Amino acid sequence: MYKRLVTSNGKEIEIWDNLLSYKKRSEIYDFVKNSYFVIQGADNYHLENSGNHQIASKFTEDDLLRSRLFEDDTSEMLKKVEGYKINQVRVNLSTLNDHNQFHSDANDPNRENKIFKTLIYYPNMKWDIEWGGYTLFANDDLTEIEHTLVYTPGRFILFDGEIPHCIGAPTNMAPSYRFTFVVQYTI
Ligand SMILES: [Fe+2]
């Protein structure tokens with residue numbers, strides 16, 4: 001299933017469900033679960049957030065190939081990032097204790113490449129709506145959440161990295177870790 005959302009200033013969020021077989025999803029989940037996670041910095045570099053941290057696993061492009069994320073039926077989706085190069089690959093591990101911040105993925109003023117697309121894949125095999133962990137997209141002055149995406153196992157989301165977004169922390173009902181597989185593209 002494919003769905004397209006647009007923010008109030010015309011930026012795109014595209015969603016694909018059921019592109020991967022259950023077997024492939026299981027293999028990717030195992031790959032993610034067995035990755036080496038480390039404590040990393042916050043979502044943005046604002047001084048008041050400098051005490052925040054996240055747990056993530058940084059992947060190389062070789063790791064991405066070995067994960068075999070882009071097999072099965074993903075070729076149509078990947079046409080959307082044709083001509084882009086991969087800027088970063090990582091898996092985020094979220095718990096209810098995380099301090100997540102709204103941020104844009106294209107927020108480093110020293111970066112030469114300003115155009116970002118971010119692809120998220122939800123690797124968990126089971127996730128209930130009550131467990132939280134939503135992906136939130138806000139308007140530009142952060143006064144409204146415009147789109148709330150429920151963590152749907154096996155879903156891909158491709159969005160303009162400029163859109164302010166945030167991981168909603170899982171609730172205390174979530175029995176385990178929430179993983180997101182993230183591939184950032186730039187031109
Ligand atoms: Fe982000």
# chains A, B, ... in the order shown; residues from 1 in each chain; ligands from 1
call {"tool": "residues_near_ligand", "arguments": {"ligand": "ligand 1", "cutoff": "8 Å", "atoms": "only C-alpha atoms and all ligand atoms", "output": "list in words"}}
result
Asp43, His103, Ser104, Asp105, Thr118, Gly161, His165 and Cys166 of chain A
call {"tool": "select_by_dssp", "arguments": {"residues": "stretch 24-155 of chain A", "states": "helix (DSSP H, G or I)", "output": "MDAnalysis selection string"}}
result
chainID A and resid 24:33 47:49 61:67 75:81 129:131
call {"tool": "residues_around", "arguments": {"residues": "stretch 136-141 of chain A", "least_positions_apart": "3", "cutoff": "9 Å", "atoms": "only C-alpha atoms", "output": "list of chain:residue names"}}
result
A:Thr7, A:Ser8, A:Asn9, A:Phe102, A:Glu144, A:Ile145, A:Glu146, A:His147, A:Thr148, A:Leu149, A:Val150, A:Ile163, A:Pro164, A:His165, A:Cys166, A:Ile167, A:Gly168
call {"tool": "closest_residue", "arguments": {"among": "A:Met77, A:Val89, A:Leu158, A:Leu119", "to": "A:Lys11", "atoms": "only C-alpha atoms"}}
result
A:Leu158
call {"tool": "select_by_dssp", "arguments": {"residues": "stretch 14-166 of chain A", "states": "strand (DSSP E or B)", "output": "number ranges by chain"}}
result
A: 14-16, 38-40, 54-59, 85-94, 103, 116-121, 132, 135-138, 145-149, 156-160, 165-166
call {"tool": "write_last_selection", "arguments": {"atoms": "C-alpha atoms", "output": "CSV table (one decimal), in the first residue's frame"}}
result
chain,number,residue,atom,x,y,z
A,14,GLU,CA,5.5,9.1,1.4
A,15,ILE,CA,4.6,5.8,3.0
A,16,TRP,CA,4.9,2.2,1.7
A,38,VAL,CA,26.4,2.9,21.3
A,39,ILE,CA,25.4,6.1,23.1
A,40,GLN,CA,25.4,9.1,20.8
A,54,GLN,CA,20.5,8.6,22.1
A,55,ILE,CA,21.3,5.0,21.5
A,56,ALA,CA,22.1,4.1,17.9
A,57,SER,CA,24.1,1.9,15.6
A,58,LYS,CA,26.0,3.6,12.8
A,59,PHE,CA,26.0,1.5,9.6
A,85,LYS,CA,23.9,9.8,-2.6
A,86,ILE,CA,23.7,8.2,0.8
A,87,ASN,CA,24.8,10.6,3.5
A,88,GLN,CA,24.2,8.4,6.6
A,89,VAL,CA,22.9,5.0,7.6
A,90,ARG,CA,21.9,4.2,11.2
A,91,VAL,CA,19.6,2.3,13.4
A,92,ASN,CA,18.0,4.2,16.3
A,93,LEU,CA,17.1,2.3,19.4
A,94,SER,CA,14.4,4.0,21.5
A,103,HIS,CA,14.8,18.6,14.5
A,116,PHE,CA,18.0,15.9,2.2
A,117,LYS,CA,15.6,13.0,1.9
A,118,THR,CA,15.2,10.7,4.8
A,119,LEU,CA,14.1,7.1,4.5
A,120,ILE,CA,12.8,5.3,7.7
A,121,TYR,CA,12.1,1.6,7.9
A,132,GLY,CA,3.6,4.9,21.5
A,135,THR,CA,7.0,9.5,14.3
A,136,LEU,CA,5.8,13.1,14.6
A,137,PHE,CA,6.0,15.8,11.9
A,138,ALA,CA,5.5,19.4,12.9
A,145,ILE,CA,1.9,18.4,15.0
A,146,GLU,CA,0.7,18.0,11.4
A,147,HIS,CA,1.2,14.3,10.9
A,148,THR,CA,1.5,11.5,13.5
A,149,LEU,CA,2.6,8.2,12.0
A,156,PHE,CA,8.9,2.5,4.9
A,157,ILE,CA,8.6,6.3,5.1
A,158,LEU,CA,10.4,8.7,2.8
A,159,PHE,CA,10.2,12.4,3.7
A,160,ASP,CA,11.9,15.8,3.0
A,165,HIS,CA,10.3,15.7,13.0
A,166,CYS,CA,10.7,13.8,16.2
